[in-house]
Amino acid sequence: MRALVLITAAAAGLAACAPTGGGGDPMMSRTSASQCLDTALATDFRQGGDRTIYVTDRRGPTYELRSFGNCNGLDFALSIGLRGDMGPGDRLCVGDRGHLALQDTRTQVCRVQIVRQLTPDEAARLPR
């Protein structure tokens, strides 16, 4: 398990890169608060495949994120920062888009979207 450390400097810089429009599928815009990842409570992350990242928060839920393109360096990241496209805020809900900053010897930024909240059984079956 790897700890999630929010990179405040990188996250603040990401806001400048964020688009100002809504975009995305209107059916996937905002969902109930129970389907939202609180980035301040995020404690763990792992890679699930070429474009899949799983993030868990202290409340227990695990969320599947999908990157737009290859997110090189996730295997070697010591910490990540997560920020939404719509600016400041600690919540990213299913369907929201954001940026993931990977921190190792350098910082790399990947665009991501929150795909879904995993069930507890699905989360338990994820490789460690």
# chains A, B, ... in the order shown; residues from 1 in each chain; ligands from 1
$ residues_around --residues "A:Ala40" --least-positions-apart "2" --cutoff "9 Å" --atoms "only C-alpha atoms" --output "ChimeraX atom specification"
/A:6,37-38,42-43,57,90-91
$ atom_distance --atom1 "atom CA of A:His99" --atom2 "atom CA of A:Cys71"
10.8 Å
$ closest_residue --among "A:Asp96, A:Asp50, A:Asp85, A:Asp44" --to "A:Gly73" --atoms "only C-alpha atoms"
A:Asp50
$ residues_around --residues "A:Ala123" --least-positions-apart "5" --cutoff "9 Å" --atoms "only C-alpha atoms" --output "JSON, numbers by chain"
{"A": [54, 56, 61, 62, 63, 118]}
$ write_last_selection --atoms "C-alpha atoms" --output "mmCIF file, in the first residue's frame"
data_model
loop_
_atom_site.group_PDB
_atom_site.id
_atom_site.type_symbol
_atom_site.label_atom_id
_atom_site.label_comp_id
_atom_site.auth_asym_id
_atom_site.auth_seq_id
_atom_site.Cartn_x
_atom_site.Cartn_y
_atom_site.Cartn_z
ATOM 1 C CA TYR A 54 -7.451 3.229 -8.017
ATOM 2 C CA THR A 56 -8.974 4.905 -1.691
ATOM 3 C CA PRO A 61 -14.474 3.736 -0.615
ATOM 4 C CA THR A 62 -12.157 3.034 -3.534
ATOM 5 C CA TYR A 63 -12.608 4.888 -6.817
ATOM 6 C CA LEU A 118 -15.971 0.208 -6.519
#
$ closest_residue --among "A:Thr39, A:Phe68, A:Gly60, A:Arg51" --to "A:Thr119" --atoms "only C-alpha atoms"
A:Gly60
$ closest_residue --among "A:Arg46, A:Arg125, A:Arg58, A:Arg116" --to "A:Asp75" --atoms "only C-alpha atoms"
A:Arg46
$ atom_distance --atom1 "atom CA of A:Ser67" --atom2 "atom CA of A:Val112"
4.2 Å
$ residues_around --residues "A:Gly48" --least-positions-apart "6" --cutoff "10 Å" --atoms "only C-alpha atoms" --output "JSON, numbers by chain"
{"A": [54, 64, 65, 66, 126, 127]}
